>>> print(open('upload.txt').read())   # compact mmCIF, C-alpha atoms (C1' of nucleotides)
# COMPACT_ATOMS: atom_id res chain seq x y z
CA MET A 1 -53.04 -19.82 1.80
CA ALA A 2 -56.68 -19.78 0.82
CA PRO A 3 -57.92 -16.24 0.43
CA GLN A 4 -59.63 -14.81 3.45
CA PRO A 5 -63.18 -13.62 3.00
CA LEU A 6 -63.33 -9.90 2.45
CA PRO A 7 -64.85 -8.11 5.41
CA SER A 8 -68.40 -6.91 4.99
CA THR A 9 -69.69 -3.98 6.94
CA ARG A 10 -73.29 -4.90 6.27
CA PRO A 11 -75.21 -4.08 9.45
CA THR A 12 -77.59 -6.47 11.21
CA ARG A 13 -80.59 -4.38 12.07
CA ALA A 14 -83.35 -4.78 9.49
CA ASP A 15 -83.77 -1.16 8.43
CA ALA A 16 -80.05 -0.56 8.38
CA ALA A 17 -79.43 -3.63 6.26
CA ARG A 18 -82.12 -2.58 3.81
CA ASN A 19 -80.62 0.86 3.42
CA TYR A 20 -77.17 -0.61 3.07
CA ASP A 21 -78.35 -2.66 0.12
CA LEU A 22 -80.20 0.26 -1.42
CA LEU A 23 -77.08 2.39 -1.18
CA VAL A 24 -74.73 -0.18 -2.62
CA THR A 25 -77.08 -0.87 -5.50
CA ALA A 26 -77.58 2.80 -6.23
CA ALA A 27 -73.86 3.42 -6.03
CA ARG A 28 -73.09 0.57 -8.40
CA GLU A 29 -75.49 1.96 -10.97
CA ALA A 30 -74.30 5.51 -10.54
CA PHE A 31 -70.63 4.57 -10.75
CA ALA A 32 -71.31 2.59 -13.89
CA GLU A 33 -73.21 5.45 -15.47
CA HIS A 34 -71.19 8.48 -14.46
CA GLY A 35 -67.88 7.18 -13.23
CA THR A 36 -66.53 6.87 -9.73
CA ASP A 37 -66.62 10.59 -9.07
CA THR A 38 -70.40 10.81 -8.97
CA SER A 39 -71.56 13.03 -6.16
CA LEU A 40 -72.44 11.15 -3.01
CA GLU A 41 -75.57 13.22 -2.61
CA ASP A 42 -76.77 11.94 -5.96
CA ILE A 43 -76.27 8.41 -4.81
CA ALA A 44 -78.19 9.00 -1.60
CA ARG A 45 -81.03 10.57 -3.56
CA ARG A 46 -81.04 7.71 -6.02
CA ALA A 47 -81.17 5.24 -3.17
CA GLY A 48 -83.99 7.19 -1.53
CA VAL A 49 -82.18 7.63 1.77
CA GLY A 50 -80.87 10.68 3.56
CA ILE A 51 -77.37 11.87 3.00
CA GLY A 52 -76.68 11.36 6.69
CA THR A 53 -77.41 7.68 6.36
CA LEU A 54 -74.93 7.33 3.57
CA TYR A 55 -72.21 9.08 5.51
CA ARG A 56 -72.82 7.12 8.69
CA ARG A 57 -72.42 3.88 6.82
CA PHE A 58 -69.68 4.90 4.41
CA PRO A 59 -67.47 7.59 5.89
CA SER A 60 -65.67 8.15 2.63
CA ARG A 61 -66.15 7.64 -1.06
CA THR A 62 -63.56 4.90 -0.89
CA ALA A 63 -65.58 3.00 1.70
CA LEU A 64 -68.49 3.00 -0.72
CA LEU A 65 -66.30 1.86 -3.58
CA GLU A 66 -65.11 -0.98 -1.43
CA ALA A 67 -68.61 -2.17 -0.67
CA VAL A 68 -69.63 -1.90 -4.31
CA TYR A 69 -66.72 -3.89 -5.62
CA VAL A 70 -66.13 -6.55 -3.00
CA ASP A 71 -67.50 -9.19 -5.31
CA GLU A 72 -65.52 -8.12 -8.29
CA ILE A 73 -62.35 -7.87 -6.26
CA GLN A 74 -62.91 -11.35 -4.94
CA SER A 75 -63.44 -12.63 -8.44
CA VAL A 76 -60.20 -11.08 -9.60
CA CYS A 77 -58.47 -13.06 -6.87
CA ASP A 78 -60.28 -16.24 -7.71
CA ARG A 79 -59.41 -16.02 -11.35
CA ALA A 80 -55.75 -16.11 -10.47
CA TYR A 81 -56.11 -19.62 -9.15
CA ASP A 82 -58.01 -20.70 -12.25
CA PHE A 83 -55.32 -19.37 -14.52
CA ASP A 84 -52.69 -21.01 -12.38
CA ARG A 85 -54.38 -24.35 -12.82
CA ASP A 86 -55.12 -24.10 -16.52
CA LEU A 87 -52.20 -22.30 -18.10
CA GLU A 88 -48.43 -22.32 -18.39
CA PRO A 89 -46.76 -20.06 -15.80
CA PHE A 90 -46.06 -17.00 -17.92
CA GLU A 91 -49.33 -17.26 -19.77
CA ALA A 92 -51.18 -17.50 -16.49
CA LEU A 93 -49.58 -14.32 -15.23
CA ALA A 94 -50.27 -12.57 -18.52
CA ALA A 95 -53.88 -13.67 -18.53
CA TRP A 96 -54.39 -12.53 -14.98
CA LEU A 97 -52.94 -9.11 -15.61
CA ARG A 98 -55.04 -8.84 -18.72
CA SER A 99 -58.18 -9.61 -16.76
CA PHE A 100 -57.13 -7.14 -14.10
CA LEU A 101 -56.85 -4.54 -16.79
CA GLY A 102 -60.11 -5.32 -18.50
CA TYR A 103 -61.82 -5.19 -15.15
CA GLY A 104 -60.53 -1.70 -14.51
CA LEU A 105 -61.55 -0.62 -17.98
CA SER A 106 -65.15 -1.62 -17.74
CA LYS A 107 -65.64 -0.31 -14.23
CA GLY A 108 -64.38 3.22 -14.48
CA SER A 109 -60.84 3.18 -13.29
CA LEU A 110 -61.27 0.97 -10.30
CA ALA A 111 -58.10 -0.92 -11.01
CA GLY A 112 -56.34 2.41 -10.84
CA GLU A 113 -57.85 3.39 -7.53
CA LEU A 114 -57.22 -0.06 -6.19
CA THR A 115 -53.62 0.10 -7.25
CA ILE A 116 -53.10 3.41 -5.51
CA ALA A 117 -54.79 2.07 -2.41
CA LEU A 118 -52.52 -0.95 -2.34
CA GLY A 119 -49.92 1.39 -0.94
CA LYS A 120 -52.21 2.81 1.72
CA ASP A 121 -53.64 0.99 4.68
CA SER A 122 -57.36 1.27 4.90
CA PRO A 123 -58.69 -1.61 7.01
CA PHE A 124 -60.54 -3.04 4.07
CA PHE A 125 -57.69 -2.85 1.65
CA LYS A 126 -55.47 -4.60 4.15
CA VAL A 127 -57.33 -7.83 3.54
CA CYS A 128 -57.98 -7.08 -0.08
CA LYS A 129 -54.32 -6.46 -0.58
CA VAL A 130 -53.43 -9.71 1.11
CA ASN A 131 -55.72 -11.61 -1.20
CA VAL A 132 -54.65 -9.92 -4.39
CA GLN A 133 -51.04 -10.18 -3.41
CA GLU A 134 -51.29 -13.81 -2.48
CA ALA A 135 -52.89 -14.60 -5.79
CA GLY A 136 -50.52 -12.46 -7.80
CA GLN A 137 -47.49 -13.62 -5.90
CA LEU A 138 -48.33 -17.21 -6.67
CA LEU A 139 -48.45 -16.52 -10.39
CA LEU A 140 -45.39 -14.34 -10.33
CA ASP A 141 -43.32 -16.83 -8.37
CA LYS A 142 -44.23 -19.67 -10.67
CA ALA A 143 -43.34 -17.60 -13.69
CA LYS A 144 -40.04 -16.74 -12.06
CA ALA A 145 -39.37 -20.38 -11.23
CA ALA A 146 -40.01 -21.26 -14.85
CA GLY A 147 -37.34 -18.72 -15.78
CA GLU A 148 -39.80 -16.63 -17.75
CA VAL A 149 -39.74 -13.57 -15.53
CA ARG A 150 -36.70 -11.80 -14.13
CA SER A 151 -36.23 -12.86 -10.56
CA GLU A 152 -35.60 -9.43 -9.11
CA LEU A 153 -39.05 -8.08 -9.95
CA GLU A 154 -41.49 -7.25 -7.19
CA LEU A 155 -45.20 -7.90 -7.44
CA ALA A 156 -45.93 -4.37 -6.29
CA ASP A 157 -44.00 -3.00 -9.25
CA VAL A 158 -45.88 -5.12 -11.71
CA MET A 159 -49.23 -4.19 -10.25
CA ARG A 160 -48.38 -0.55 -10.21
CA LEU A 161 -47.41 -0.57 -13.86
CA VAL A 162 -50.52 -2.36 -14.91
CA GLY A 163 -52.64 -0.11 -12.74
CA GLY A 164 -50.95 2.92 -14.26
CA ILE A 165 -51.97 1.87 -17.72
CA ASN A 166 -55.57 2.82 -17.34
CA MET A 167 -55.14 5.59 -14.83
CA GLY A 168 -55.94 8.23 -17.39
CA ARG A 169 -59.59 7.25 -17.61
CA ASP A 170 -60.30 7.28 -21.31
CA ILE A 171 -57.92 4.80 -22.85
CA GLU A 172 -58.81 2.69 -25.85
CA PRO A 173 -58.95 -1.03 -25.15
CA GLU A 174 -56.55 -1.80 -27.99
CA GLN A 175 -54.05 0.70 -26.72
CA ALA A 176 -54.31 -0.76 -23.23
CA GLN A 177 -53.62 -4.12 -24.78
CA ARG A 178 -50.49 -2.88 -26.51
CA LEU A 179 -49.24 -1.22 -23.36
CA LEU A 180 -49.71 -4.40 -21.40
CA ASP A 181 -47.76 -6.28 -24.03
CA ILE A 182 -44.88 -3.88 -23.62
CA VAL A 183 -44.92 -4.39 -19.88
CA LEU A 184 -45.08 -8.14 -20.28
CA CYS A 185 -42.03 -8.04 -22.53
CA GLY A 186 -40.31 -6.00 -19.87
CA LEU A 187 -40.86 -8.71 -17.32
CA ARG A 188 -38.97 -11.36 -19.26
CA PRO A 189 -35.34 -12.08 -18.46
CA ALA A 190 -32.70 -10.09 -20.33
CA ALA A 191 -31.87 -11.45 -23.75
CA SER A 192 -28.18 -11.84 -22.95
CA MET B 1 -38.24 20.58 -37.60
CA ALA B 2 -37.16 23.00 -34.92
CA PRO B 3 -39.69 23.16 -32.14
CA GLN B 4 -42.26 25.89 -32.45
CA PRO B 5 -42.42 28.41 -29.64
CA LEU B 6 -45.12 27.56 -27.16
CA PRO B 7 -47.96 30.08 -27.28
CA SER B 8 -48.02 32.62 -24.51
CA THR B 9 -51.27 34.25 -23.51
CA ARG B 10 -49.50 37.08 -21.74
CA PRO B 11 -51.56 40.22 -22.36
CA THR B 12 -50.12 43.53 -23.58
CA ARG B 13 -51.77 46.14 -21.43
CA ALA B 14 -49.58 47.16 -18.53
CA ASP B 15 -51.89 46.31 -15.63
CA ALA B 16 -53.01 43.08 -17.23
CA ALA B 17 -49.44 41.99 -17.84
CA ARG B 18 -48.49 42.79 -14.26
CA ASN B 19 -51.36 40.75 -12.90
CA TYR B 20 -50.56 37.94 -15.26
CA ASP B 21 -47.07 37.73 -13.85
CA LEU B 22 -48.29 37.98 -10.28
CA LEU B 23 -50.70 35.14 -10.87
CA VAL B 24 -48.23 32.86 -12.56
CA THR B 25 -45.67 33.46 -9.83
CA ALA B 26 -48.18 32.88 -7.06
CA ALA B 27 -49.44 29.77 -8.79
CA ARG B 28 -45.94 28.38 -9.19
CA GLU B 29 -45.26 28.84 -5.49
CA ALA B 30 -48.60 27.46 -4.43
CA PHE B 31 -48.34 24.43 -6.69
CA ALA B 32 -44.88 23.73 -5.37
CA GLU B 33 -46.02 24.02 -1.77
CA HIS B 34 -49.40 22.33 -1.81
CA GLY B 35 -49.59 20.39 -5.03
CA THR B 36 -51.48 21.11 -8.20
CA ASP B 37 -54.88 20.91 -6.52
CA THR B 38 -54.47 24.12 -4.54
CA SER B 39 -57.65 26.15 -4.60
CA LEU B 40 -57.69 28.83 -7.24
CA GLU B 41 -59.05 31.35 -4.76
CA ASP B 42 -55.97 30.82 -2.64
CA ILE B 43 -53.78 31.59 -5.59
CA ALA B 44 -55.69 34.76 -6.39
CA ARG B 45 -55.40 35.88 -2.77
CA ARG B 46 -51.72 35.08 -2.73
CA ALA B 47 -51.23 37.08 -5.90
CA GLY B 48 -53.22 39.95 -4.43
CA VAL B 49 -55.72 40.07 -7.29
CA GLY B 50 -59.43 39.37 -7.45
CA ILE B 51 -60.70 35.92 -8.25
CA GLY B 52 -62.43 37.35 -11.30
CA THR B 53 -59.12 38.42 -12.72
CA LEU B 54 -57.73 34.97 -12.37
CA TYR B 55 -60.69 33.40 -14.11
CA ARG B 56 -60.73 35.88 -16.95
CA ARG B 57 -57.11 35.15 -17.70
CA PHE B 58 -57.11 31.42 -16.96
CA PRO B 59 -60.49 29.90 -17.64
CA SER B 60 -59.48 26.59 -16.09
CA ARG B 61 -56.96 25.18 -13.69
CA THR B 62 -55.29 23.55 -16.66
CA ALA B 63 -54.80 26.90 -18.35
CA LEU B 64 -52.95 28.09 -15.28
CA LEU B 65 -50.85 24.94 -15.14
CA GLU B 66 -49.94 25.53 -18.73
CA ALA B 67 -48.74 29.05 -18.09
CA VAL B 68 -46.77 27.97 -15.04
CA TYR B 69 -45.00 25.17 -16.79
CA VAL B 70 -44.36 26.50 -20.26
CA ASP B 71 -40.69 26.88 -19.51
CA GLU B 72 -40.29 23.48 -17.99
CA ILE B 73 -42.16 21.87 -20.82
CA GLN B 74 -39.93 23.61 -23.28
CA SER B 75 -36.86 22.43 -21.43
CA VAL B 76 -38.07 18.85 -21.55
CA CYS B 77 -38.24 19.19 -25.30
CA ASP B 78 -34.84 20.80 -25.52
CA ARG B 79 -33.22 18.12 -23.47
CA ALA B 80 -34.25 15.55 -26.04
CA TYR B 81 -31.98 17.16 -28.59
CA ASP B 82 -29.10 17.29 -26.12
CA PHE B 83 -29.43 13.63 -25.34
CA ASP B 84 -29.67 12.86 -29.02
CA ARG B 85 -26.38 14.62 -29.62
CA ASP B 86 -24.48 13.22 -26.65
CA LEU B 87 -25.64 9.65 -26.19
CA GLU B 88 -26.10 6.38 -28.03
CA PRO B 89 -29.62 5.97 -29.43
CA PHE B 90 -31.15 3.75 -26.78
CA GLU B 91 -29.41 5.52 -23.96
CA ALA B 92 -30.66 8.83 -25.26
CA LEU B 93 -34.23 7.61 -25.26
CA ALA B 94 -33.81 6.14 -21.79
CA ALA B 95 -32.30 9.31 -20.43
CA TRP B 96 -35.04 11.42 -21.89
CA LEU B 97 -37.79 9.28 -20.44
CA ARG B 98 -36.00 9.33 -17.11
CA SER B 99 -35.90 13.10 -17.15
CA PHE B 100 -39.53 13.23 -18.15
CA LEU B 101 -40.32 11.10 -15.15
CA GLY B 102 -38.20 13.05 -12.68
CA TYR B 103 -39.78 16.21 -13.92
CA GLY B 104 -43.22 14.94 -13.15
CA LEU B 105 -42.09 13.71 -9.76
CA SER B 106 -40.74 16.97 -8.52
CA LYS B 107 -43.58 19.08 -9.83
CA GLY B 108 -46.60 17.34 -8.45
CA SER B 109 -47.86 15.04 -11.13
CA LEU B 110 -47.63 17.35 -14.06
CA ALA B 111 -46.26 14.65 -16.30
CA GLY B 112 -49.38 12.71 -15.48
CA GLU B 113 -51.70 15.56 -16.33
CA LEU B 114 -49.70 16.26 -19.42
CA THR B 115 -49.93 12.67 -20.50
CA ILE B 116 -53.67 12.62 -20.14
CA ALA B 117 -53.92 15.87 -22.04
CA LEU B 118 -51.82 14.49 -24.87
CA GLY B 119 -54.93 12.64 -25.92
CA LYS B 120 -57.13 15.70 -25.75
CA ASP B 121 -56.94 18.78 -27.90
CA SER B 122 -56.62 21.94 -25.89
CA PRO B 123 -55.15 24.66 -28.11
CA PHE B 124 -52.10 24.87 -25.93
CA PHE B 125 -51.42 21.17 -25.78
CA LYS B 126 -51.71 21.00 -29.53
CA VAL B 127 -48.42 22.82 -29.88
CA CYS B 128 -46.92 21.33 -26.77
CA LYS B 129 -47.79 17.90 -28.03
CA VAL B 130 -46.19 18.63 -31.36
CA ASN B 131 -42.98 19.66 -29.66
CA VAL B 132 -42.82 16.76 -27.25
CA GLN B 133 -43.73 14.36 -29.98
CA GLU B 134 -41.22 15.71 -32.39
CA ALA B 135 -38.50 15.40 -29.81
CA GLY B 136 -39.58 11.99 -28.61
CA GLN B 137 -40.16 10.69 -32.09
CA LEU B 138 -36.64 11.61 -33.06
CA LEU B 139 -35.19 9.62 -30.20
CA LEU B 140 -37.54 6.73 -30.72
CA ASP B 141 -36.86 6.49 -34.43
CA LYS B 142 -33.13 6.53 -33.94
CA ALA B 143 -33.38 3.82 -31.31
CA LYS B 144 -35.49 1.80 -33.70
CA ALA B 145 -33.03 2.33 -36.52
CA ALA B 146 -30.26 1.09 -34.27
CA GLY B 147 -32.30 -2.06 -33.73
CA GLU B 148 -32.58 -1.43 -30.03
CA VAL B 149 -36.31 -0.85 -29.90
CA ARG B 150 -39.01 -2.92 -31.50
CA SER B 151 -40.13 -1.23 -34.66
CA GLU B 152 -43.85 -1.59 -34.14
CA LEU B 153 -43.96 0.58 -31.02
CA GLU B 154 -45.72 3.93 -31.08
CA LEU B 155 -44.43 6.98 -29.27
CA ALA B 156 -47.85 7.58 -27.76
CA ASP B 157 -47.72 4.16 -26.13
CA VAL B 158 -44.34 4.79 -24.63
CA MET B 159 -45.34 8.19 -23.30
CA ARG B 160 -48.52 6.85 -21.86
CA LEU B 161 -46.72 4.10 -20.00
CA VAL B 162 -44.15 6.46 -18.59
CA GLY B 163 -46.84 8.95 -17.69
CA GLY B 164 -48.82 6.23 -15.99
CA ILE B 165 -45.93 5.41 -13.72
CA ASN B 166 -46.32 8.46 -11.57
CA MET B 167 -50.02 8.94 -11.97
CA GLY B 168 -50.71 7.77 -8.45
CA ARG B 169 -49.18 10.87 -6.92
CA ASP B 170 -47.11 9.49 -4.08
CA ILE B 171 -44.65 7.12 -5.64
CA GLU B 172 -41.13 6.64 -4.29
CA PRO B 173 -38.39 7.80 -6.66
CA GLU B 174 -36.63 4.44 -6.45
CA GLN B 175 -39.80 2.58 -7.33
CA ALA B 176 -40.42 4.90 -10.23
CA GLN B 177 -36.92 4.12 -11.39
CA ARG B 178 -37.53 0.39 -11.24
CA LEU B 179 -40.80 0.72 -13.11
CA LEU B 180 -39.14 2.71 -15.83
CA ASP B 181 -36.48 0.03 -16.15
CA ILE B 182 -39.17 -2.58 -16.67
CA VAL B 183 -40.73 -0.47 -19.38
CA LEU B 184 -37.37 0.11 -21.03
CA CYS B 185 -36.76 -3.62 -21.13
CA GLY B 186 -40.17 -4.00 -22.70
CA LEU B 187 -39.19 -1.72 -25.54
CA ARG B 188 -36.27 -3.84 -26.68
CA PRO B 189 -36.69 -6.30 -29.52
CA ALA B 190 -37.77 -9.84 -28.61
CA ALA B 191 -34.95 -12.08 -27.48
CA SER B 192 -35.65 -14.72 -30.12
C1' DA C 1 -98.44 -7.17 24.16
C1' DT C 2 -95.79 -3.51 25.99
C1' DA C 3 -92.20 -0.80 27.30
C1' DC C 4 -87.76 0.94 26.78
C1' DG C 5 -82.89 1.37 25.63
C1' DA C 6 -80.09 1.03 21.71
C1' DT C 7 -79.65 1.87 17.09
C1' DA C 8 -80.51 4.20 12.95
C1' DC C 9 -82.68 7.88 10.11
C1' DG C 10 -82.66 12.25 7.61
C1' DG C 11 -81.99 16.65 6.19
C1' DA C 12 -80.90 21.34 7.68
C1' DG C 13 -76.98 23.88 7.76
C1' DG C 14 -71.98 25.17 7.92
C1' DC C 15 -68.09 25.21 5.08
C1' DC C 16 -65.62 25.77 1.03
C1' DA C 17 -64.46 25.58 -3.92
C1' DC C 18 -65.90 26.67 -8.49
C1' DC C 19 -67.33 29.98 -11.63
C1' DT C 20 -70.18 34.14 -13.53
C1' DC C 21 -71.62 38.63 -13.94
C1' DC C 22 -71.52 43.47 -14.03
C1' DG C 23 -70.66 48.15 -12.08
C1' DC C 24 -66.41 50.56 -11.40
C1' DT C 25 -61.44 51.70 -12.57
C1' DT C 26 -57.37 52.04 -15.36
C1' DT C 27 -54.98 52.45 -19.55
C1' DG C 28 -53.15 54.40 -23.61
C1' DG C 29 -54.02 56.34 -28.22
C1' DC C 30 -55.61 60.70 -29.93
C1' DG D 1 -56.97 66.00 -21.04
C1' DC D 2 -60.60 62.89 -23.13
C1' DC D 3 -62.82 58.76 -23.74
C1' DA D 4 -63.66 54.21 -25.55
C1' DA D 5 -61.80 49.88 -24.87
C1' DA D 6 -59.80 46.82 -21.80
C1' DG D 7 -59.35 45.22 -17.41
C1' DC D 8 -60.53 44.73 -12.43
C1' DG D 9 -62.65 42.58 -8.37
C1' DG D 10 -65.66 40.62 -5.35
C1' DA D 11 -70.54 39.60 -4.31
C1' DG D 12 -73.27 35.93 -4.94
C1' DG D 13 -75.25 31.60 -7.18
C1' DT D 14 -74.42 26.64 -7.49
C1' DG D 15 -73.19 22.48 -5.72
C1' DG D 16 -70.42 19.05 -3.23
C1' DC D 17 -68.62 17.52 1.35
C1' DC D 18 -69.53 16.46 5.86
C1' DT D 19 -71.62 17.01 10.82
C1' DC D 20 -74.97 17.20 14.20
C1' DC D 21 -78.96 16.19 16.69
C1' DG D 22 -84.05 15.79 17.21
C1' DT D 23 -87.03 12.11 15.73
C1' DA D 24 -88.28 7.42 14.29
C1' DT D 25 -87.60 2.53 14.30
C1' DC D 26 -86.08 -1.91 15.95
C1' DG D 27 -85.54 -5.82 18.88
C1' DT D 28 -85.47 -7.60 23.33
C1' DA D 29 -86.67 -8.26 28.05
C1' DT D 30 -90.55 -8.47 30.75
>>> encode(input="upload.txt", output="structure tokens")
Amino acid sequence: MAPQPLPSTRPTRADAARNYDLLVTAAREAFAEHGTDTSLEDIARRAGVGIGTLYRRFPSRTALLEAVYVDEIQSVCDRAYDFDRDLEPFEALAAWLRSFLGYGLSKGSLAGELTIALGKDSPFFKVCKVNVQEAGQLLLDKAKAAGEVRSELELADVMRLVGGINMGRDIEPEQAQRLLDIVLCGLRPAAS
Amino acid sequence: MAPQPLPSTRPTRADAARNYDLLVTAAREAFAEHGTDTSLEDIARRAGVGIGTLYRRFPSRTALLEAVYVDEIQSVCDRAYDFDRDLEPFEALAAWLRSFLGYGLSKGSLAGELTIALGKDSPFFKVCKVNVQEAGQLLLDKAKAAGEVRSELELADVMRLVGGINMGRDIEPEQAQRLLDIVLCGLRPAAS
DNA sequence: ATACGATACGGAGGCCACCTCCGCTTTGGC
DNA sequence: GCCAAAGCGGAGGTGGCCTCCGTATCGTAT
């Protein structure tokens, strides 16, 4: 039940570990400054390591994204349990989705990429998915049990919708908020 | 009130017009076969023209997409008026959004690209946007007037949500359907 | 301390897509 | 038929992705 720790690929040898940290730090900065489509060569340069080193450690851009955002992803999961403890079922779900959204907004469109990846099966996202799903499922089930969310809804659907909201990169925070409100209304049981 | 004709950039000189048609045809085929991220050089080769010709006529991939999909875009607009005539207000809106979605699904993720572009101001999308908006606004307003959609909702929000649904490229049609249903429920007035 | 196998480094270079530029060709009005 | 305007095309510059392999570094066993 408790979330599993996300796997870290941080190597053990001293020089490798140092370069790993340099790369992740450089990537975090670069992603924050220029979005997640920054060139990988730029990141290697910024980190002061060769491009070969980057590619050996992170075979794909996604692998690098993973390493950069492990912490944030974990914190998204953790927050779910906080909300579950402190809020009424539907409010907890709403708050969690809102935080998921805000997280994607500030960090490029990570939530979007994450949402897409939830359907794929990279080794990393396997665990990540388990954690996010476990957390989200808990909130969703409780909201369902309280009769505040239609019982036939799947977590994957909800996540996909929320992820889709800020897929288009440059959305205004207020608009994102309104869109989320629409979705939240859509989750509630039919008026009948 | 009637939709304006979408602008065509088709040139008048004989050779230019011929190449224009070759390019648009080749692009339509290529996009259908390999998705909208086919390399532009491939398309030029397929059309049997030089890459320079392609770029002179279509300065960006988007420009080419526009030319390829003018007809389809127009038909999306037209359908709105059909639905308006034949269906009850909310059903008309629902049907139109469904068709908008299916359209994006079959043709790569054009609806997604279109949705993003709705926020931008390319000269083409200006007119396109006007047409889509006019059509959508009509349906939305009627649904509001019938009390079946909350009055504070903006068309842009609705379009964005629907566009977001199939942003992630590889979504299953049934899932897309479910997501749209959630959104549709979210449009209805509060149960209170 | 040294030696040595395992591990990691780095950047040159191949590949490919994007896009520009300009000398040559075609068109169509006169 | 002439010729200016319009159009053509592809060579080549830029830059990102990724691989490969000779060299450097690390950590352990002696």
>>> interface_residues(input="upload.txt", of="chain B", to="chain A", cutoff="8 Å", atoms="only C-alpha atoms", output="compact mmCIF listing (two decimals) with C-alpha atoms, keeping the file's coordinate frame")
# COMPACT_ATOMS: atom_id res chain seq x y z
CA ILE B 116 -53.67 12.62 -20.14
CA ASP B 157 -47.72 4.16 -26.13
CA VAL B 158 -44.34 4.79 -24.63
CA ARG B 160 -48.52 6.85 -21.86
CA LEU B 161 -46.72 4.10 -20.00
CA GLY B 164 -48.82 6.23 -15.99
CA ILE B 165 -45.93 5.41 -13.72
CA ASN B 166 -46.32 8.46 -11.57
CA MET B 167 -50.02 8.94 -11.97
CA GLY B 168 -50.71 7.77 -8.45
CA GLN B 175 -39.80 2.58 -7.33
CA ARG B 178 -37.53 0.39 -11.24
CA LEU B 179 -40.80 0.72 -13.11
CA ILE B 182 -39.17 -2.58 -16.67
CA VAL B 183 -40.73 -0.47 -19.38
CA LEU B 184 -37.37 0.11 -21.03
CA CYS B 185 -36.76 -3.62 -21.13
CA GLY B 186 -40.17 -4.00 -22.70
CA LEU B 187 -39.19 -1.72 -25.54
CA ALA B 190 -37.77 -9.84 -28.61
CA ALA B 191 -34.95 -12.08 -27.48
>>> closest_residue(input="upload.txt", among="A:Ile73, A:Ala14, A:Ala27, A:Ala67", to="DC26 of chain D", atoms="only C-alpha atoms (C1' of nucleotides)")
A:Ala14
>>> closest_atom_pairs(input="upload.txt", of="chain C", to="chain B", cutoff="12 Å", atoms="all atoms listed in the file", output="Markdown table")
| residue | atom | partner | partner_atom | distance |
| --- | --- | --- | --- | --- |
| C:DC16 | C1' | B:Ser39 | CA | 9.8 |
| C:DA17 | C1' | B:Ser39 | CA | 6.9 |
| C:DC18 | C1' | B:Leu40 | CA | 8.6 |
| C:DC19 | C1' | B:Tyr55 | CA | 7.9 |
| C:DT20 | C1' | B:Gly52 | CA | 8.7 |
| C:DC21 | C1' | B:Gly52 | CA | 9.6 |
| C:DC22 | C1' | B:Gly52 | CA | 11.3 |
| C:DT25 | C1' | B:Asp15 | CA | 11.4 |
| C:DT26 | C1' | B:Asp15 | CA | 7.9 |
| C:DT27 | C1' | B:Arg13 | CA | 7.3 |
| C:DG28 | C1' | B:Arg13 | CA | 8.7 |
>>> write_last_selection(input="upload.txt", atoms="C-alpha atoms (C1' of nucleotides)", output="PDB file, in the frame of the given file")
ATOM      1  C1'  DC C  16     -65.620  25.770   1.030  1.00  0.00           C
ATOM      2  C1'  DA C  17     -64.460  25.580  -3.920  1.00  0.00           C
ATOM      3  C1'  DC C  18     -65.900  26.670  -8.490  1.00  0.00           C
ATOM      4  C1'  DC C  19     -67.330  29.980 -11.630  1.00  0.00           C
ATOM      5  C1'  DT C  20     -70.180  34.140 -13.530  1.00  0.00           C
ATOM      6  C1'  DC C  21     -71.620  38.630 -13.940  1.00  0.00           C
ATOM      7  C1'  DC C  22     -71.520  43.470 -14.030  1.00  0.00           C
ATOM      8  C1'  DT C  25     -61.440  51.700 -12.570  1.00  0.00           C
ATOM      9  C1'  DT C  26     -57.370  52.040 -15.360  1.00  0.00           C
ATOM     10  C1'  DT C  27     -54.980  52.450 -19.550  1.00  0.00           C
ATOM     11  C1'  DG C  28     -53.150  54.400 -23.610  1.00  0.00           C
TER      12       DG C  28
END
>>> closest_residue(input="upload.txt", among="D:DG12, D:DG7, D:DG1, D:DG22", to="chain B", atoms="all atoms listed in the file")
D:DG7
>>> residues_around(input="upload.txt", residues="DG10 of chain C", least_positions_apart="2", cutoff="12 Å", atoms="all atoms listed in the file", output="list in words")
Ala44, Arg45, Gly48, Val49, Gly50, Ile51, Gly52, Thr53, Leu54, Tyr55 and Arg56 of chain A; DA8 and DA12 of chain C; DC20, DC21, DG22, DT23 and DA24 of chain D
>>> atom_distance(input="upload.txt", atom1="atom CA of Asp78 of chain B", atom2="atom CA of Leu155 of chain B")
17.2 Å
>>> atom_distance(input="upload.txt", atom1="atom CA of Asp37 of chain A", atom2="atom CA of Asn131 of chain A")
26.0 Å
>>> residues_around(input="upload.txt", residues="DG29 of chain C", least_positions_apart="6", cutoff="12 Å", atoms="only C-alpha atoms (C1' of nucleotides)", output="list of chain:residue names")
D:DC2, D:DC3, D:DA4, D:DA5
>>> interface_residues(input="upload.txt", of="chain D", to="chain A", cutoff="8 Å", atoms="all atoms listed in the file", output="JSON, numbers by chain")
{"D": [16, 18, 25, 26]}
>>> closest_residue(input="upload.txt", among="B:Gln133, B:Thr25, B:Gln177, B:Ser8", to="Arg98 of chain B", atoms="all atoms listed in the file")
B:Gln177
>>> atom_distance(input="upload.txt", atom1="atom CA of Glu91 of chain A", atom2="atom CA of Tyr69 of chain A")
26.1 Å
>>> closest_residue(input="upload.txt", among="A:Pro11, A:Arg18, A:Val130, A:Leu23", to="Gln74 of chain A", atoms="only C-alpha atoms")
A:Val130
>>> residues_around(input="upload.txt", residues="DT30 of chain D", least_positions_apart="3", cutoff="12 Å", atoms="all atoms listed in the file", output="ChimeraX atom specification")
/C:1-4
